[in-house]
Structure formats: structure tokens, C-alpha cells
>>> print(open('structure_12.csv').read())   # CSV, C-alpha atoms
chain,number,residue,atom,x,y,z
A,1,MET,CA,-98.0,-11.2,21.3
A,2,SER,CA,-97.2,-9.1,18.2
A,3,ALA,CA,-97.4,-5.4,18.4
A,4,SER,CA,-98.9,-5.3,14.9
A,5,VAL,CA,-102.7,-5.5,14.6
A,6,LEU,CA,-102.6,-6.4,10.9
A,7,TYR,CA,-100.2,-9.4,10.8
A,8,ASP,CA,-97.9,-11.4,13.0
A,9,ALA,CA,-94.3,-10.1,12.9
A,10,PRO,CA,-92.0,-12.6,11.3
A,11,GLY,CA,-89.6,-14.5,13.5
A,12,PRO,CA,-85.9,-15.3,12.8
A,13,ARG,CA,-86.8,-18.0,10.3
A,14,GLY,CA,-89.4,-15.7,8.6
A,15,LYS,CA,-87.0,-12.8,8.3
A,16,ALA,CA,-84.4,-15.1,6.8
A,17,LEU,CA,-86.9,-16.4,4.2
A,18,ASN,CA,-87.9,-12.8,3.4
A,19,LEU,CA,-84.3,-11.9,2.7
A,20,VAL,CA,-83.9,-14.9,0.5
A,21,TYR,CA,-87.1,-14.1,-1.4
A,22,SER,CA,-85.9,-10.4,-1.8
A,23,ALA,CA,-82.5,-11.6,-3.1
A,24,VAL,CA,-84.2,-14.0,-5.6
A,25,ALA,CA,-86.5,-11.2,-6.8
A,26,LEU,CA,-83.7,-8.7,-7.3
A,27,ALA,CA,-81.6,-11.3,-9.1
A,28,ALA,CA,-84.5,-12.1,-11.4
A,29,LEU,CA,-85.0,-8.3,-12.2
A,30,ALA,CA,-81.3,-7.9,-12.8
A,31,TRP,CA,-81.3,-10.9,-15.2
A,32,VAL,CA,-84.3,-9.4,-17.1
A,33,ALA,CA,-82.6,-6.0,-17.2
A,34,TRP,CA,-79.4,-7.7,-18.6
A,35,ILE,CA,-81.3,-9.5,-21.3
A,36,VAL,CA,-83.0,-6.3,-22.4
A,37,TYR,CA,-79.7,-4.4,-22.4
A,38,SER,CA,-77.8,-7.1,-24.3
A,39,LYS,CA,-80.6,-7.4,-26.9
A,40,PHE,CA,-80.6,-3.6,-27.4
A,41,ASP,CA,-76.8,-3.7,-27.6
A,42,SER,CA,-76.7,-6.5,-30.2
A,43,THR,CA,-79.0,-4.4,-32.5
A,44,GLY,CA,-77.0,-1.2,-32.0
A,45,GLN,CA,-79.6,0.7,-29.9
A,46,TRP,CA,-76.9,2.1,-27.6
A,47,GLU,CA,-74.7,3.5,-30.3
A,48,ALA,CA,-73.9,7.2,-29.8
A,49,ASP,CA,-75.3,8.3,-33.2
A,50,LYS,CA,-78.8,7.2,-32.1
A,51,TRP,CA,-78.7,9.3,-28.9
A,52,THR,CA,-76.8,12.3,-30.2
A,53,PRO,CA,-80.0,14.0,-31.6
A,54,PHE,CA,-81.4,14.3,-28.1
A,55,LEU,CA,-78.4,16.5,-27.2
A,56,GLU,CA,-79.2,18.9,-30.0
A,57,SER,CA,-81.6,21.9,-29.4
A,58,GLN,CA,-83.3,21.5,-32.8
A,59,THR,CA,-84.6,18.0,-31.8
A,60,TRP,CA,-86.3,19.5,-28.7
A,61,GLU,CA,-87.5,22.6,-30.5
A,62,ASN,CA,-88.9,20.8,-33.6
A,63,PHE,CA,-90.2,17.6,-32.1
A,64,LEU,CA,-90.2,17.1,-28.3
A,65,ILE,CA,-91.3,20.5,-27.1
A,66,PRO,CA,-94.2,20.8,-29.6
A,67,GLY,CA,-95.3,17.3,-28.6
A,68,LEU,CA,-95.0,18.2,-24.9
A,69,ILE,CA,-97.1,21.4,-25.4
A,70,GLY,CA,-99.7,19.4,-27.3
A,71,THR,CA,-99.9,16.8,-24.5
A,72,LEU,CA,-100.1,19.4,-21.7
A,73,SER,CA,-102.7,21.5,-23.6
A,74,ALA,CA,-105.0,18.5,-24.1
A,75,PHE,CA,-104.4,17.5,-20.5
A,76,ALA,CA,-105.1,20.9,-19.0
A,77,VAL,CA,-108.3,21.6,-20.9
A,78,GLY,CA,-109.5,18.0,-20.6
A,79,ALA,CA,-108.8,17.9,-16.9
A,80,VAL,CA,-110.7,21.1,-16.2
A,81,LEU,CA,-113.7,19.9,-18.3
A,82,ALA,CA,-113.6,16.4,-16.8
A,83,VAL,CA,-113.7,17.7,-13.2
A,84,ALA,CA,-116.5,20.1,-14.0
A,85,PHE,CA,-118.4,17.3,-15.8
A,86,GLY,CA,-117.8,14.9,-12.9
A,87,PHE,CA,-119.1,17.4,-10.3
A,88,VAL,CA,-122.3,18.3,-12.3
A,89,PHE,CA,-123.3,14.7,-13.0
A,90,ALA,CA,-122.3,13.4,-9.5
A,91,VAL,CA,-124.7,16.0,-8.0
A,92,GLY,CA,-127.2,15.1,-10.7
A,93,ARG,CA,-127.1,11.4,-9.7
A,94,LEU,CA,-127.5,12.3,-6.1
A,95,SER,CA,-130.5,14.5,-6.7
A,96,GLN,CA,-133.7,13.6,-4.9
A,97,SER,CA,-135.6,14.3,-8.2
A,98,ARG,CA,-135.8,11.3,-10.5
A,99,PHE,CA,-136.2,13.6,-13.4
A,100,ILE,CA,-132.6,14.7,-12.8
A,101,SER,CA,-131.0,11.6,-11.2
A,102,VAL,CA,-132.1,9.1,-13.9
A,103,PRO,CA,-130.9,11.1,-17.0
A,104,SER,CA,-127.7,11.8,-15.1
A,105,ALA,CA,-127.2,8.1,-14.4
A,106,VAL,CA,-127.8,7.2,-18.1
A,107,VAL,CA,-125.3,9.8,-19.3
A,108,VAL,CA,-122.6,8.6,-16.8
A,109,GLU,CA,-123.1,4.9,-17.5
A,110,PHE,CA,-123.2,5.5,-21.3
A,111,PHE,CA,-120.0,7.4,-21.6
A,112,ARG,CA,-118.3,5.2,-19.0
A,113,ALA,CA,-119.0,2.1,-21.0
A,114,ILE,CA,-117.7,3.4,-24.4
A,115,PRO,CA,-113.9,3.1,-25.1
A,116,MET,CA,-112.3,6.5,-25.1
A,117,LEU,CA,-110.7,6.0,-28.5
A,118,LEU,CA,-114.1,5.3,-30.0
A,119,LEU,CA,-115.4,8.5,-28.4
A,120,MET,CA,-112.5,10.5,-29.9
A,121,MET,CA,-113.0,9.0,-33.3
A,122,PHE,CA,-116.8,9.6,-33.2
A,123,ILE,CA,-116.5,13.2,-32.2
A,124,TYR,CA,-113.8,13.8,-34.9
A,125,PHE,CA,-115.8,12.3,-37.8
A,126,MET,CA,-119.1,13.9,-36.7
A,127,GLN,CA,-117.8,17.4,-36.8
A,128,GLN,CA,-118.0,17.8,-40.5
A,129,PRO,CA,-121.6,16.4,-40.9
A,130,LEU,CA,-122.6,18.9,-38.2
A,131,GLY,CA,-121.2,21.8,-40.1
A,132,LEU,CA,-118.3,22.4,-37.7
A,133,ASP,CA,-114.7,22.9,-38.5
A,134,THR,CA,-112.8,19.7,-38.0
A,135,SER,CA,-110.5,19.9,-35.0
A,136,VAL,CA,-108.4,17.1,-33.8
A,137,PHE,CA,-107.7,19.0,-30.5
A,138,TRP,CA,-111.4,19.2,-29.5
A,139,ALA,CA,-112.0,15.6,-30.6
A,140,VAL,CA,-109.3,14.5,-28.2
A,141,VAL,CA,-110.3,16.9,-25.4
A,142,LEU,CA,-114.0,16.1,-25.5
A,143,GLY,CA,-113.3,12.4,-25.6
A,144,LEU,CA,-111.1,12.8,-22.5
A,145,MET,CA,-113.8,14.9,-20.8
A,146,LEU,CA,-116.7,12.5,-21.4
A,147,TYR,CA,-114.9,9.3,-20.3
A,148,ASN,CA,-112.8,10.6,-17.4
A,149,GLY,CA,-115.6,12.9,-16.3
A,150,SER,CA,-118.0,10.0,-16.0
A,151,VAL,CA,-115.5,8.1,-13.9
A,152,LEU,CA,-114.9,11.1,-11.7
A,153,ALA,CA,-118.7,11.5,-11.3
A,154,GLU,CA,-118.8,8.0,-9.8
A,155,VAL,CA,-115.8,8.7,-7.6
A,156,ILE,CA,-117.4,11.8,-6.2
A,157,ARG,CA,-120.8,10.1,-5.8
A,158,ALA,CA,-119.1,7.2,-3.9
A,159,GLY,CA,-117.4,9.8,-1.6
A,160,VAL,CA,-120.7,11.5,-0.8
A,161,ASN,CA,-122.5,8.2,-0.2
A,162,ALA,CA,-119.7,7.1,2.2
A,163,LEU,CA,-120.3,10.0,4.5
A,164,PRO,CA,-122.5,9.3,7.6
A,165,LYS,CA,-126.2,10.0,7.0
A,166,GLY,CA,-126.3,12.1,10.1
A,167,GLN,CA,-124.3,14.8,8.2
A,168,SER,CA,-127.1,15.6,5.8
A,169,GLU,CA,-129.8,15.1,8.4
A,170,ALA,CA,-128.1,17.6,10.7
A,171,GLY,CA,-127.9,20.1,7.8
A,172,VAL,CA,-131.6,19.8,7.1
A,173,ALA,CA,-132.4,20.0,10.8
A,174,ILE,CA,-130.8,23.5,11.1
A,175,GLY,CA,-132.8,24.7,8.1
A,176,LEU,CA,-130.5,24.2,5.1
A,177,SER,CA,-132.0,23.2,1.8
A,178,PRO,CA,-130.8,19.9,0.1
A,179,GLY,CA,-128.7,22.0,-2.3
A,180,GLN,CA,-127.1,23.9,0.5
A,181,VAL,CA,-126.4,20.6,2.4
A,182,MET,CA,-124.7,19.2,-0.7
A,183,ARG,CA,-122.7,22.3,-1.5
A,184,THR,CA,-121.5,23.3,2.0
A,185,ILE,CA,-121.4,20.0,3.9
A,186,LEU,CA,-121.2,16.9,1.8
A,187,LEU,CA,-119.2,17.9,-1.3
A,188,PRO,CA,-116.2,19.4,0.6
A,189,GLN,CA,-115.8,16.4,2.8
A,190,ALA,CA,-116.3,14.0,-0.1
A,191,VAL,CA,-113.7,15.7,-2.3
A,192,ARG,CA,-111.2,15.8,0.6
A,193,ALA,CA,-111.7,12.0,1.2
A,194,MET,CA,-111.6,11.1,-2.5
A,195,LEU,CA,-108.8,13.4,-3.5
A,196,PRO,CA,-106.3,10.5,-4.0
A,197,ALA,CA,-108.7,8.8,-6.4
A,198,ILE,CA,-109.5,12.0,-8.2
A,199,ILE,CA,-105.8,12.7,-8.7
A,200,ALA,CA,-105.2,9.1,-9.8
A,201,GLN,CA,-107.9,9.5,-12.5
A,202,LEU,CA,-106.2,12.7,-13.7
A,203,VAL,CA,-102.9,10.8,-14.1
A,204,VAL,CA,-104.9,8.3,-16.2
A,205,LEU,CA,-106.2,11.3,-18.2
A,206,LEU,CA,-102.7,12.6,-18.8
A,207,LYS,CA,-101.6,9.2,-20.2
A,208,ASP,CA,-104.8,8.9,-22.3
A,209,THR,CA,-103.8,12.0,-24.3
A,210,ALA,CA,-101.5,9.6,-26.1
A,211,LEU,CA,-104.6,8.1,-27.8
A,212,GLY,CA,-104.7,11.3,-29.9
A,213,TYR,CA,-101.9,9.6,-31.9
A,214,ILE,CA,-104.6,7.6,-33.8
A,215,LEU,CA,-106.1,10.9,-35.0
A,216,ALA,CA,-102.6,12.4,-35.8
A,217,TYR,CA,-102.9,14.8,-33.0
A,218,SER,CA,-99.4,16.4,-32.3
A,219,GLU,CA,-98.6,15.0,-28.9
A,220,LEU,CA,-95.6,13.2,-27.4
A,221,LEU,CA,-96.4,9.7,-28.7
A,222,ASN,CA,-97.0,11.1,-32.2
A,223,GLN,CA,-93.5,12.6,-32.2
A,224,ILE,CA,-91.8,9.2,-31.8
A,225,ASN,CA,-92.6,8.3,-35.4
A,226,LYS,CA,-91.3,11.7,-36.6
A,227,LEU,CA,-88.1,11.2,-34.7
A,228,ASP,CA,-87.7,7.7,-36.0
A,229,GLY,CA,-88.3,8.9,-39.6
A,230,ASN,CA,-85.6,11.6,-39.3
A,231,PHE,CA,-83.0,9.9,-37.2
A,232,ASP,CA,-83.8,6.2,-37.4
A,233,ASN,CA,-83.8,5.8,-33.6
A,234,LEU,CA,-87.2,4.4,-32.6
A,235,ILE,CA,-86.2,2.8,-29.3
A,236,PRO,CA,-84.2,5.8,-28.0
A,237,ALA,CA,-87.0,8.1,-28.9
A,238,ALA,CA,-89.5,5.8,-27.1
A,239,LEU,CA,-87.3,5.7,-24.0
A,240,VAL,CA,-86.9,9.5,-24.0
A,241,VAL,CA,-90.7,10.1,-24.4
A,242,ALA,CA,-91.4,7.5,-21.6
A,243,LEU,CA,-89.0,9.4,-19.3
A,244,ILE,CA,-90.9,12.6,-20.1
A,245,TYR,CA,-94.2,10.9,-19.2
A,246,ILE,CA,-92.7,9.6,-16.0
A,247,ALA,CA,-91.5,13.1,-15.0
A,248,LEU,CA,-94.9,14.6,-15.8
A,249,ASN,CA,-96.7,11.9,-13.7
A,250,THR,CA,-94.2,12.4,-10.8
A,251,ILE,CA,-94.8,16.2,-10.8
A,252,LEU,CA,-98.5,15.6,-10.8
A,253,GLY,CA,-98.2,13.2,-7.9
A,254,LEU,CA,-96.1,15.7,-5.9
A,255,VAL,CA,-98.7,18.3,-6.5
A,256,ALA,CA,-101.4,15.9,-5.4
A,257,ASN,CA,-99.5,15.1,-2.2
A,258,PHE,CA,-99.2,18.8,-1.5
A,259,VAL,CA,-102.8,19.5,-2.1
A,260,GLU,CA,-103.9,16.5,0.0
A,261,ALA,CA,-101.7,17.5,2.9
A,262,ARG,CA,-102.9,21.1,2.8
A,263,THR,CA,-106.6,20.1,2.7
A,264,ARG,CA,-106.1,17.8,5.6
A,265,ARG,CA,-104.3,20.5,7.6
A,266,VAL,CA,-107.1,23.0,6.8
A,267,GLY,CA,-109.7,20.4,7.8
A,268,HIS,CA,-107.9,19.7,11.1
A,269,THR,CA,-107.4,23.4,12.0
A,270,ALA,CA,-110.8,24.6,11.1
A,271,GLY,CA,-112.5,26.4,14.0
A,272,PRO,CA,-115.8,25.5,15.5
A,273,VAL,CA,-119.0,26.7,14.0
A,274,GLY,CA,-119.5,29.4,16.6
A,275,HIS,CA,-116.5,31.8,17.3
A,276,ALA,CA,-115.9,33.6,20.4
A,277,GLU,CA,-116.2,36.9,18.5
A,278,ASP,CA,-119.9,36.1,17.8
A,279,PRO,CA,-122.0,38.4,20.0
A,280,ASN,CA,-124.6,35.6,20.4
A,281,VAL,CA,-122.0,33.2,21.6
A,282,GLN,CA,-120.5,35.8,23.9
A,283,THR,CA,-124.0,36.5,25.4
A,284,ALA,CA,-124.7,32.8,25.8
A,285,THR,CA,-121.3,32.3,27.5
A,286,ALA,CA,-121.8,35.2,29.8
A,287,ALA,CA,-125.2,34.1,30.7
A,288,GLY,CA,-123.9,30.7,31.8
A,289,MET,CA,-121.0,32.0,33.8
A,290,PRO,CA,-121.2,32.9,37.5
A,291,GLY,CA,-122.1,36.5,37.9
A,292,GLY,CA,-123.2,36.8,34.3
A,293,ASN,CA,-126.3,38.7,33.2
A,294,ALA,CA,-129.3,36.4,33.1
>>> encode(input="structure_12.csv", output="C-alpha cells")
Amino acid sequence: MSASVLYDAPGPRGKALNLVYSAVALAALAWVAWIVYSKFDSTGQWEADKWTPFLESQTWENFLIPGLIGTLSAFAVGAVLAVAFGFVFAVGRLSQSRFISVPSAVVVEFFRAIPMLLLMMFIYFMQQPLGLDTSVFWAVVLGLMLYNGSVLAEVIRAGVNALPKGQSEAGVAIGLSPGQVMRTILLPQAVRAMLPAIIAQLVVLLKDTALGYILAYSELLNQINKLDGNFDNLIPAALVVALIYIALNTILGLVANFVEARTRRVGHTAGPVGHAEDPNVQTATAAGMPGGNA
């Protein structure tokens, strides 16, 4: 009988077939990589003059670093607003009052259904008729907030609904209000459980900053055309920008793993509700011990 509870461990023939399948897959990937490399080589994409600009400081100072700052600025502000939006409307959808839950549900479903690029364009072109200064930055940030915040609201709501009903019933039984139950019992557990999904959505938000390219927002993707126009190296510029995105997402993933591990450790080491230093607990303990004061 196999020690695995999920699947039967492969026998000698199965292991041999797995090795064959792995070898075929690696060979196919190597073949595709060679085709891409040879095509780039035939068009001169690996020539040194196309890659030399990325070894010069002015390329980074004038193009890549400003684009990176634009991307990180939109991500930072958009992520904070999206998380706040998600918490507010998740709690609103979970409210026992239909006057709060129904409008919250309408807002979440509305902005979740509209493509984010359309949201950015609508916000951008509506600023002038509303008498506001036209800002590409806020059009991008608010579009990120509305769409990703709506998705986060559903993620948080799903996390709360996944908790056992006894959690909220116990909170009400000890005299907590519904708001206190949500704030002190349900939300902390839901966020801890749904943290991987929340971080995954923030990674999506980071990549969605590239949609600001359509509005000529100065972010990494927009810098590719500027680099191509100055150095005639579209493919190398795209590869360098892709590597920057991969590095940013890797860093965000490492931060997410650290936060998740820390929250789990805090949750596992949290003490009981009553501590030994509590006088009431000490009195109750003493009363139950032999020789204690009754």
C-alpha cells in the first residue's frame, strides 16, 4: 500500500516513463529556445551595439530609472488604496443591514466587471469636464484601486465566509457587538488565511501599471518605445524591462512569504485568552486547588 494519501507512488515502469516524459519536455523547450535564439541572431538582435546602451549610466538615469519610479509610485499608491477599498467594501457586503450590503455589492460587482483600461481612460477623460486638473497618474492609480480593490473585497469576503459560524456566535455570546466580532475575531483570521491570494492580486496590480502606457504614463513599458527610438533596440529593451518586472515580482513574492510565515508564527504562539497574571484567573485557579481559599 502506498504511503501517499493523494496518489499511488509510481512503480519502476512509471518512474521510467516519467523520466522519458521529462526528457522529451526538456528537449522540446531547448528546441524552442534555440529557434528563438537563432531568429534573434539572424536579425542582429544579439549584436553588441544593441546591448551597449544598457551598460551606460545615462540610459538608466534618463529612461529606465524614471520608468521604474513611475511604476513603483503607481503600484505603491494603488496597492494601499486597493487594500483599503477592499476592506471597506468587504465589510460592507458582510453587513447585516441591507442598506449597506446591497449598495456595497453593486459597487463591487460594477467595478469588477469593467475592464481596468476602460476605467483608467474614463477617469482620465472625465477630469477636465469635472473641472479638475488632468492627471495621468491619478487616472492610472484610481483605475488600479477600483478594479483590484473590488477583487480584494471578494477575496476578503470569501475568507470571512469560510470561517466556522461558531466563531461569530461565540463572539456574540460573550457580549461583543457584530462590529467588534468582525474587527477582532473574523477579519484577522480571514486575512491570515487569504494572505496568499491577497499578495497574488497585488502582483497583478503591479503588472497592471503597464496599462498606463495607453495614457502615456511614464512607466517601464512606456520607456521601451523611447529606448527603441533612441537606440533602435526594441527587443533588447523589452527583454531588460521584462527582467526588471521579474525582479520586482520576485521581491514582492519574498516579502509575501516572509509576512505569511510571520503571521502564522504569531498565530501559533499566541497565548490563551486568559493569562496567569490576570487576578481573576489566579483567584479562580486558587479556588480550584487543594487548600485554596473557597
>>> closest_residue(input="structure_12.csv", among="A:Ile198, A:Ala30, A:Phe63, A:Arg13", to="Asn230 of chain A", atoms="only C-alpha atoms")
A:Phe63
>>> residues_around(input="structure_12.csv", residues="segment 80-88 of chain A", least_positions_apart="2", cutoff="12 Å", atoms="all atoms listed in the file", output="PyMOL selection string")
chain A and resi 73-78+90-95+100-101+104-105+107-108+111-112+138+141-160+182-183+187-188+190-191+195+198-199+201-202+204-206
>>> atom_distance(input="structure_12.csv", atom1="atom CA of Gly14 of chain A", atom2="atom CA of Ala27 of chain A")
19.8 Å
>>> residues_around(input="structure_12.csv", residues="Ala238 of chain A", least_positions_apart="3", cutoff="12 Å", atoms="only C-alpha atoms", output="list in words")
Gln45, Lys50, Trp51, Phe54, Leu64, Leu220, Leu221, Asn222, Gln223, Ile224, Asn225, Lys226, Leu227, Asp228, Asp232, Asn233, Leu234, Ile235, Val241, Ala242, Leu243, Ile244 and Tyr245 of chain A
>>> atom_distance(input="structure_12.csv", atom1="atom CA of Lys165 of chain A", atom2="atom CA of Phe258 of chain A")
29.6 Å
>>> atom_distance(input="structure_12.csv", atom1="atom CA of Val203 of chain A", atom2="atom CA of Ala237 of chain A")
21.9 Å
>>> residues_around(input="structure_12.csv", residues="segment 119-136 of chain A", least_positions_apart="5", cutoff="7 Å", atoms="all atoms listed in the file", output="JSON, numbers by chain")
{"A": [114, 143, 215, 217]}
>>> closest_residue(input="structure_12.csv", among="A:Ala9, A:Ala170, A:Leu252, A:Ala162", to="Gln189 of chain A", atoms="only C-alpha atoms")
A:Ala162
>>> decode(input="structure_12.csv", residues="segment 69-91 of chain A", atoms="N, CA and C atoms", output="CSV table (one decimal), in the first residue's frame")
chain,number,residue,atom,x,y,z
A,69,ILE,N,10.6,54.3,-11.3
A,69,ILE,CA,10.0,55.1,-10.3
A,69,ILE,C,8.5,55.3,-10.6
A,70,GLY,N,8.1,55.6,-11.8
A,70,GLY,CA,6.7,55.7,-12.2
A,70,GLY,C,5.9,54.5,-11.9
A,71,THR,N,6.5,53.3,-12.2
A,71,THR,CA,5.8,52.0,-12.0
A,71,THR,C,5.6,51.8,-10.5
A,72,LEU,N,6.7,52.0,-9.7
A,72,LEU,CA,6.6,51.8,-8.2
A,72,LEU,C,5.7,52.8,-7.5
A,73,SER,N,5.7,54.0,-8.0
A,73,SER,CA,4.8,55.0,-7.4
A,73,SER,C,3.3,54.7,-7.6
A,74,ALA,N,3.0,54.3,-8.9
A,74,ALA,CA,1.6,53.9,-9.1
A,74,ALA,C,1.2,52.6,-8.4
A,75,PHE,N,2.2,51.7,-8.3
A,75,PHE,CA,1.9,50.5,-7.5
A,75,PHE,C,1.7,50.7,-6.0
A,76,ALA,N,2.6,51.6,-5.4
A,76,ALA,CA,2.5,51.8,-4.0
A,76,ALA,C,1.2,52.5,-3.6
A,77,VAL,N,0.9,53.6,-4.3
A,77,VAL,CA,-0.4,54.3,-4.0
A,77,VAL,C,-1.6,53.4,-4.4
A,78,GLY,N,-1.5,52.8,-5.5
A,78,GLY,CA,-2.7,51.9,-5.9
A,78,GLY,C,-2.9,50.8,-5.0
A,79,ALA,N,-1.8,50.1,-4.5
A,79,ALA,CA,-1.9,49.0,-3.6
A,79,ALA,C,-2.5,49.4,-2.3
A,80,VAL,N,-2.1,50.5,-1.7
A,80,VAL,CA,-2.6,51.0,-0.4
A,80,VAL,C,-4.1,51.3,-0.6
A,81,LEU,N,-4.5,52.0,-1.6
A,81,LEU,CA,-5.9,52.4,-1.8
A,81,LEU,C,-6.7,51.1,-2.2
A,82,ALA,N,-6.2,50.2,-2.9
A,82,ALA,CA,-7.0,49.0,-3.3
A,82,ALA,C,-7.2,48.1,-2.0
A,83,VAL,N,-6.2,48.0,-1.2
A,83,VAL,CA,-6.4,47.2,0.1
A,83,VAL,C,-7.5,47.9,1.0
A,84,ALA,N,-7.4,49.2,1.1
A,84,ALA,CA,-8.3,49.9,1.9
A,84,ALA,C,-9.7,49.8,1.3
A,85,PHE,N,-9.8,50.0,0.0
A,85,PHE,CA,-11.1,49.8,-0.7
A,85,PHE,C,-11.7,48.4,-0.5
A,86,GLY,N,-10.8,47.4,-0.6
A,86,GLY,CA,-11.2,46.0,-0.4
A,86,GLY,C,-11.8,45.7,1.0
A,87,PHE,N,-11.1,46.2,2.0
A,87,PHE,CA,-11.5,46.0,3.4
A,87,PHE,C,-12.9,46.7,3.6
A,88,VAL,N,-13.0,47.9,3.2
A,88,VAL,CA,-14.3,48.7,3.4
A,88,VAL,C,-15.4,48.0,2.8
A,89,PHE,N,-15.3,47.6,1.5
A,89,PHE,CA,-16.5,47.0,0.8
A,89,PHE,C,-16.7,45.6,1.1
A,90,ALA,N,-15.6,44.9,1.6
A,90,ALA,CA,-15.8,43.5,2.1
A,90,ALA,C,-16.7,43.5,3.3
A,91,VAL,N,-16.3,44.4,4.2
A,91,VAL,CA,-17.1,44.6,5.5
A,91,VAL,C,-18.5,45.1,5.1
